[in-house]
Amino acid sequence: MRYRRVLAWTTVVAAALAAAPAAAPAERRPSCPRLSQRLDWYGDNRAHLQQVVDERGSCAGRGGRPVAVFDWDNTVTRNDVTDATISWALRHDQILRPASWRDTSAWLTDAAGTALTDACGTDVPVGAPLPTSTRPRCTDEILEIRENSRTVSGAAAFAGQWNHRRTVPQYAWVPRLFAGHTVAELSSYAREARAEALAAPLGATRTLGTHTVPAYVRYYDQQRDLIGTLRRAGFDVYIVSAGSEPVTEVWARGVGIDARHTVAIRSVLDRRGRITTRNQGCGGVPVNRGEAIPYIDGKRCWINQEIYGVDGAAAWDRQDRRHRPAIAGGDADTDVTFVADATGAHLVLNRNKSEIMCRAYDDADGRWLVNPMFIDPLPPKPDPYPCSTGAYNAPDGSRAPVRRADGSVVPDRPDTVH
């Protein structure tokens, strides 16, 4: 499989070079930024990425600023930075009691609202900090809903209808846990959590209630180097994440990405500048309660709207090549749509997520690059990915075959890069 992918890539590159004007190859120019040779990549992934940097960047002399877009959690870092911030907030009593837990999500069930009220109590005033550091039942309920969309007793935490390619309730719920705080306050919690997580040893965990959660986060050196190389080569590099935007902004600065180039779930602020339980919208969806977050097709929408200025419903559609990223990178099904939109390289870190791995291993255009996670990579998936039957996440929540642009079904694929 790997050699067929390399051959396909080579064929595409050879055709592009044959059609190009007879000029010195961009990679021979000494001013072209280079990816570090000291950092390990799988197979020839570094060479392929360097090829795109050379062909699309400032070295090529084409003018303009090509775009590169990366997911954040488990793509640029190992482990989830929003979860690290939630962990810190729970241990430091920084979740404020809502007037009603049902207000925190359009889809939260009565069972979940009751479980949260029982576990977290009503003995502090509305808007005051919940004593989560000394009330493990409250911490347990919050984490179980965040991680598994259910209560500790096993009841469904969310119910109703939503477009499963535009949102997922437990992701949309997380920023609402910080309702009542200012962005500056949430950013300060994220900085505290960042310092703590970077100082923790690799592999460290901690216990919150009955949950064992990662205690460490690391930037991937390879991704930091790639992002830096792209920026030196004249690329506009963006982060698009389904995490909380103030939290993602704090971490993105560590790889040189500013707030203007960071897109995540954007909470609406009240007149006092405090986070509310509503989000900004995308693609013609107005201010909402989580219906249009950067999630699967939602990431494409936010990229089109915020980077390329596409207004209204057209932001949900694939754009022409001039209005799509040259390089896109992700690790999960949440990233599959925008990663597939890239015109130069689709970089996927293998976390055994079915839809994106079916696309990557099918390698329809010869530009998909699969890489194991750079820290503590997963073992191979024992069974093939169910591409032909149930890997596609349908809008109604069902599972369906993954199809190519021509409608043909992608066959099941074994896991070969790990």
# chains A, B, ... in the order shown; residues from 1 in each chain; ligands from 1
$ select_by_dssp --residues "range 49-186 of chain A" --states "strand (DSSP E)" --output "ChimeraX atom specification"
/A:67-70,77-78
$ residues_around --residues "range 242-250 of chain A" --least-positions-apart "4" --cutoff "9 Å" --atoms "only C-alpha atoms" --output "MDAnalysis selection string"
chainID A and resid 71:73 80:83 85 171:172 174:175 183:184 186:191 194 254 257:259 261:267 293:295 299 334
$ select_by_dssp --residues "range 23-229 of chain A" --states "helix (DSSP H, G or I)" --output "VMD selection string"
chain A and resid 26 to 28 45 to 56 58 to 60 81 to 91 101 to 104 110 to 120 136 to 148 169 to 178 183 to 199 221 to 229
$ atom_distance --atom1 "CA of Thr134 in chain A" --atom2 "CA of Thr212 in chain A"
16.7 Å
$ residues_around --residues "Val168 in chain A" --least-positions-apart "5" --cutoff "9 Å" --atoms "only C-alpha atoms" --output "PyMOL selection string"
chain A and resi 162-163+173+290-291+293+295
$ write_last_selection --atoms "all heavy atoms" --output "PDB file, in the first residue's frame"
ATOM      1  N   TRP A 162     -29.757  16.843  15.504  1.00  0.00           N
ATOM      2  CA  TRP A 162     -28.727  17.784  15.085  1.00  0.00           C
ATOM      3  C   TRP A 162     -28.044  17.187  13.864  1.00  0.00           C
ATOM      4  O   TRP A 162     -28.128  15.980  13.616  1.00  0.00           O
ATOM      5  CB  TRP A 162     -27.708  18.050  16.197  1.00  0.00           C
ATOM      6  CG  TRP A 162     -26.996  16.843  16.719  1.00  0.00           C
ATOM      7  CD1 TRP A 162     -25.849  16.280  16.236  1.00  0.00           C
ATOM      8  CD2 TRP A 162     -27.379  16.022  17.837  1.00  0.00           C
ATOM      9  NE1 TRP A 162     -25.491  15.170  16.969  1.00  0.00           N
ATOM     10  CE2 TRP A 162     -26.409  14.986  17.965  1.00  0.00           C
ATOM     11  CE3 TRP A 162     -28.439  16.063  18.750  1.00  0.00           C
ATOM     12  CZ2 TRP A 162     -26.477  14.018  18.956  1.00  0.00           C
ATOM     13  CZ3 TRP A 162     -28.499  15.092  19.743  1.00  0.00           C
ATOM     14  CH2 TRP A 162     -27.533  14.085  19.827  1.00  0.00           C
ATOM     15  N   ASN A 163     -27.391  18.031  13.088  1.00  0.00           N
ATOM     16  CA  ASN A 163     -26.646  17.561  11.927  1.00  0.00           C
ATOM     17  C   ASN A 163     -25.302  17.034  12.429  1.00  0.00           C
ATOM     18  O   ASN A 163     -24.469  17.807  12.913  1.00  0.00           O
ATOM     19  CB  ASN A 163     -26.450  18.699  10.930  1.00  0.00           C
ATOM     20  CG  ASN A 163     -25.799  18.236   9.639  1.00  0.00           C
ATOM     21  OD1 ASN A 163     -24.848  17.455   9.641  1.00  0.00           O
ATOM     22  ND2 ASN A 163     -26.279  18.743   8.512  1.00  0.00           N
ATOM     23  N   TRP A 173     -20.882  21.659  24.185  1.00  0.00           N
ATOM     24  CA  TRP A 173     -21.194  21.896  25.599  1.00  0.00           C
ATOM     25  C   TRP A 173     -20.017  22.463  26.368  1.00  0.00           C
ATOM     26  O   TRP A 173     -20.196  23.258  27.298  1.00  0.00           O
ATOM     27  CB  TRP A 173     -21.650  20.563  26.206  1.00  0.00           C
ATOM     28  CG  TRP A 173     -22.131  20.604  27.622  1.00  0.00           C
ATOM     29  CD1 TRP A 173     -23.218  21.284  28.107  1.00  0.00           C
ATOM     30  CD2 TRP A 173     -21.567  19.906  28.742  1.00  0.00           C
ATOM     31  NE1 TRP A 173     -23.372  21.041  29.456  1.00  0.00           N
ATOM     32  CE2 TRP A 173     -22.372  20.207  29.860  1.00  0.00           C
ATOM     33  CE3 TRP A 173     -20.478  19.049  28.904  1.00  0.00           C
ATOM     34  CZ2 TRP A 173     -22.119  19.676  31.139  1.00  0.00           C
ATOM     35  CZ3 TRP A 173     -20.230  18.523  30.160  1.00  0.00           C
ATOM     36  CH2 TRP A 173     -21.029  18.835  31.256  1.00  0.00           C
ATOM     37  N   GLY A 290     -25.011  25.917  19.413  1.00  0.00           N
ATOM     38  CA  GLY A 290     -24.057  24.863  19.110  1.00  0.00           C
ATOM     39  C   GLY A 290     -24.321  24.133  17.815  1.00  0.00           C
ATOM     40  O   GLY A 290     -23.688  23.110  17.544  1.00  0.00           O
ATOM     41  N   GLU A 291     -25.216  24.642  16.968  1.00  0.00           N
ATOM     42  CA  GLU A 291     -25.597  23.924  15.756  1.00  0.00           C
ATOM     43  C   GLU A 291     -24.550  23.963  14.653  1.00  0.00           C
ATOM     44  O   GLU A 291     -24.621  23.153  13.716  1.00  0.00           O
ATOM     45  CB  GLU A 291     -26.916  24.482  15.205  1.00  0.00           C
ATOM     46  CG  GLU A 291     -28.145  24.111  16.019  1.00  0.00           C
ATOM     47  CD  GLU A 291     -28.426  25.059  17.178  1.00  0.00           C
ATOM     48  OE1 GLU A 291     -27.561  25.912  17.487  1.00  0.00           O
ATOM     49  OE2 GLU A 291     -29.506  24.942  17.777  1.00  0.00           O
ATOM     50  N   ILE A 293     -20.596  24.330  14.751  1.00  0.00           N
ATOM     51  CA  ILE A 293     -19.251  24.507  15.302  1.00  0.00           C
ATOM     52  C   ILE A 293     -18.218  23.954  14.313  1.00  0.00           C
ATOM     53  O   ILE A 293     -18.583  23.285  13.343  1.00  0.00           O
ATOM     54  CB  ILE A 293     -19.119  23.814  16.676  1.00  0.00           C
ATOM     55  CG1 ILE A 293     -19.235  22.288  16.541  1.00  0.00           C
ATOM     56  CG2 ILE A 293     -20.164  24.350  17.657  1.00  0.00           C
ATOM     57  CD1 ILE A 293     -18.912  21.531  17.831  1.00  0.00           C
ATOM     58  N   TYR A 295     -16.635  21.373  13.176  1.00  0.00           N
ATOM     59  CA  TYR A 295     -16.708  19.925  13.365  1.00  0.00           C
ATOM     60  C   TYR A 295     -17.097  19.278  12.046  1.00  0.00           C
ATOM     61  O   TYR A 295     -18.140  19.597  11.469  1.00  0.00           O
ATOM     62  CB  TYR A 295     -17.742  19.606  14.456  1.00  0.00           C
ATOM     63  CG  TYR A 295     -17.951  18.133  14.728  1.00  0.00           C
ATOM     64  CD1 TYR A 295     -17.058  17.434  15.541  1.00  0.00           C
ATOM     65  CD2 TYR A 295     -19.036  17.455  14.181  1.00  0.00           C
ATOM     66  CE1 TYR A 295     -17.250  16.081  15.792  1.00  0.00           C
ATOM     67  CE2 TYR A 295     -19.226  16.105  14.437  1.00  0.00           C
ATOM     68  CZ  TYR A 295     -18.338  15.424  15.241  1.00  0.00           C
ATOM     69  OH  TYR A 295     -18.526  14.091  15.496  1.00  0.00           O
TER      70      TYR A 295
END
$ closest_residue --among "A:Glu192, A:Asp221, A:Asp412, A:Asp270" --to "Ala84 in chain A" --atoms "only C-alpha atoms"
A:Glu192
$ closest_atom_pairs --of "range 174-238 of chain A" --to "range 88-106 of chain A" --cutoff "7 Å" --atoms "only C-alpha atoms" --output "Markdown table"
| residue | atom | partner | partner_atom | distance |
| --- | --- | --- | --- | --- |
| A:Arg176 | CA | A:Thr104 | CA | 5.7 |
| A:Leu177 | CA | A:Ile95 | CA | 6.3 |
| A:Phe178 | CA | A:Ile95 | CA | 6.1 |
| A:Gly180 | CA | A:Leu96 | CA | 6.9 |
| A:Tyr189 | CA | A:Ala89 | CA | 7.0 |
| A:Ala193 | CA | A:Trp88 | CA | 5.7 |
$ write_last_selection --atoms "all heavy atoms" --output "PDB file, in the first residue's frame"
ATOM      1  N   ARG A 176     -19.537  26.165  27.274  1.00  0.00           N
ATOM      2  CA  ARG A 176     -20.586  26.650  28.167  1.00  0.00           C
ATOM      3  C   ARG A 176     -20.254  26.384  29.638  1.00  0.00           C
ATOM      4  O   ARG A 176     -20.822  26.998  30.532  1.00  0.00           O
ATOM      5  CB  ARG A 176     -21.921  25.992  27.834  1.00  0.00           C
ATOM      6  CG  ARG A 176     -22.588  26.526  26.568  1.00  0.00           C
ATOM      7  CD  ARG A 176     -22.011  25.885  25.338  1.00  0.00           C
ATOM      8  NE  ARG A 176     -22.628  26.304  24.099  1.00  0.00           N
ATOM      9  CZ  ARG A 176     -23.789  25.857  23.637  1.00  0.00           C
ATOM     10  NH1 ARG A 176     -24.503  25.006  24.332  1.00  0.00           N
ATOM     11  NH2 ARG A 176     -24.242  26.278  22.477  1.00  0.00           N
ATOM     12  N   LEU A 177     -19.349  25.433  29.896  1.00  0.00           N
ATOM     13  CA  LEU A 177     -18.913  25.204  31.270  1.00  0.00           C
ATOM     14  C   LEU A 177     -18.206  26.435  31.834  1.00  0.00           C
ATOM     15  O   LEU A 177     -18.105  26.596  33.061  1.00  0.00           O
ATOM     16  CB  LEU A 177     -17.968  24.002  31.334  1.00  0.00           C
ATOM     17  CG  LEU A 177     -18.582  22.633  31.021  1.00  0.00           C
ATOM     18  CD1 LEU A 177     -17.507  21.564  30.987  1.00  0.00           C
ATOM     19  CD2 LEU A 177     -19.661  22.278  32.040  1.00  0.00           C
ATOM     20  N   PHE A 178     -17.716  27.301  30.939  1.00  0.00           N
ATOM     21  CA  PHE A 178     -17.016  28.507  31.385  1.00  0.00           C
ATOM     22  C   PHE A 178     -17.899  29.745  31.279  1.00  0.00           C
ATOM     23  O   PHE A 178     -17.403  30.875  31.365  1.00  0.00           O
ATOM     24  CB  PHE A 178     -15.736  28.683  30.582  1.00  0.00           C
ATOM     25  CG  PHE A 178     -14.754  27.567  30.791  1.00  0.00           C
ATOM     26  CD1 PHE A 178     -14.583  26.577  29.827  1.00  0.00           C
ATOM     27  CD2 PHE A 178     -14.031  27.470  31.970  1.00  0.00           C
ATOM     28  CE1 PHE A 178     -13.693  25.531  30.029  1.00  0.00           C
ATOM     29  CE2 PHE A 178     -13.141  26.419  32.177  1.00  0.00           C
ATOM     30  CZ  PHE A 178     -12.967  25.448  31.204  1.00  0.00           C
ATOM     31  N   GLY A 180     -20.055  32.791  32.207  1.00  0.00           N
ATOM     32  CA  GLY A 180     -19.939  33.679  33.364  1.00  0.00           C
ATOM     33  C   GLY A 180     -18.540  34.214  33.563  1.00  0.00           C
ATOM     34  O   GLY A 180     -18.347  35.221  34.252  1.00  0.00           O
ATOM     35  N   TYR A 189      -6.711  30.666  32.890  1.00  0.00           N
ATOM     36  CA  TYR A 189      -6.810  29.268  33.304  1.00  0.00           C
ATOM     37  C   TYR A 189      -6.065  28.377  32.299  1.00  0.00           C
ATOM     38  O   TYR A 189      -5.380  27.419  32.689  1.00  0.00           O
ATOM     39  CB  TYR A 189      -8.268  28.818  33.397  1.00  0.00           C
ATOM     40  CG  TYR A 189      -9.145  29.677  34.271  1.00  0.00           C
ATOM     41  CD1 TYR A 189     -10.529  29.734  34.057  1.00  0.00           C
ATOM     42  CD2 TYR A 189      -8.612  30.447  35.300  1.00  0.00           C
ATOM     43  CE1 TYR A 189     -11.338  30.519  34.843  1.00  0.00           C
ATOM     44  CE2 TYR A 189      -9.429  31.244  36.097  1.00  0.00           C
ATOM     45  CZ  TYR A 189     -10.791  31.288  35.851  1.00  0.00           C
ATOM     46  OH  TYR A 189     -11.598  32.073  36.622  1.00  0.00           O
ATOM     47  N   ALA A 193      -3.014  25.857  33.052  1.00  0.00           N
ATOM     48  CA  ALA A 193      -3.093  24.454  32.653  1.00  0.00           C
ATOM     49  C   ALA A 193      -1.967  24.085  31.705  1.00  0.00           C
ATOM     50  O   ALA A 193      -1.408  22.982  31.784  1.00  0.00           O
ATOM     51  CB  ALA A 193      -4.449  24.176  31.998  1.00  0.00           C
TER      52      ALA A 193
END
$ closest_residue --among "A:Tyr361, A:Tyr216, A:Trp316, A:Tyr385" --to "Phe338 in chain A" --atoms "only C-alpha atoms"
A:Trp316
$ closest_residue --among "A:Val52, A:Val339, A:Ala400, A:Val268" --to "Ile303 in chain A" --atoms "only C-alpha atoms"
A:Val339
$ residues_around --residues "Leu202 in chain A" --least-positions-apart "6" --cutoff "10 Å" --atoms "only C-alpha atoms" --output "list of chain:residue names"
A:Arg78, A:Pro214, A:Ala215, A:Tyr216, A:Val217, A:Arg218, A:Ile375, A:Asp376
$ residues_around --residues "range 343-356 of chain A" --least-positions-apart "2" --cutoff "6 Å" --atoms "only C-alpha atoms" --output "ChimeraX atom specification"
/A:326-333,336,339,358-359,367-373,385,391-392
$ write_last_selection --atoms "C-alpha atoms" --output "mmCIF file, in the first residue's frame"
data_model
loop_
_atom_site.group_PDB
_atom_site.id
_atom_site.type_symbol
_atom_site.label_atom_id
_atom_site.label_comp_id
_atom_site.auth_asym_id
_atom_site.auth_seq_id
_atom_site.Cartn_x
_atom_site.Cartn_y
_atom_site.Cartn_z
ATOM 1 C CA ALA A 326 -2.516 23.871 -0.072
ATOM 2 C CA ILE A 327 -1.758 21.714 2.982
ATOM 3 C CA ALA A 328 -4.202 20.499 5.620
ATOM 4 C CA GLY A 329 -3.548 18.269 8.603
ATOM 5 C CA GLY A 330 -5.729 16.400 11.072
ATOM 6 C CA ASP A 331 -6.060 13.236 13.116
ATOM 7 C CA ALA A 332 -9.745 12.340 13.324
ATOM 8 C CA ASP A 333 -13.066 12.126 11.510
ATOM 9 C CA VAL A 336 -11.858 14.660 7.243
ATOM 10 C CA VAL A 339 -8.188 17.760 5.082
ATOM 11 C CA CYS A 358 -10.480 5.242 4.779
ATOM 12 C CA ARG A 359 -9.874 8.441 2.811
ATOM 13 C CA ARG A 367 -1.493 13.219 -2.062
ATOM 14 C CA TRP A 368 -2.577 11.610 1.220
ATOM 15 C CA LEU A 369 0.228 11.237 3.779
ATOM 16 C CA VAL A 370 -0.338 8.972 6.779
ATOM 17 C CA ASN A 371 1.957 9.321 9.777
ATOM 18 C CA PRO A 372 1.875 7.551 13.141
ATOM 19 C CA MET A 373 1.450 9.858 16.120
ATOM 20 C CA TYR A 385 -11.471 -0.137 8.469
ATOM 21 C CA ALA A 391 -17.158 4.377 8.208
ATOM 22 C CA TYR A 392 -18.965 7.470 6.890
#
$ closest_residue --among "A:Asp341, A:Val152, A:Ala128, A:Ala292" --to "Arg322 in chain A" --atoms "only C-alpha atoms"
A:Asp341
$ atom_distance --atom1 "CA of Phe374 in chain A" --atom2 "CA of Ala195 in chain A"
20.9 Å
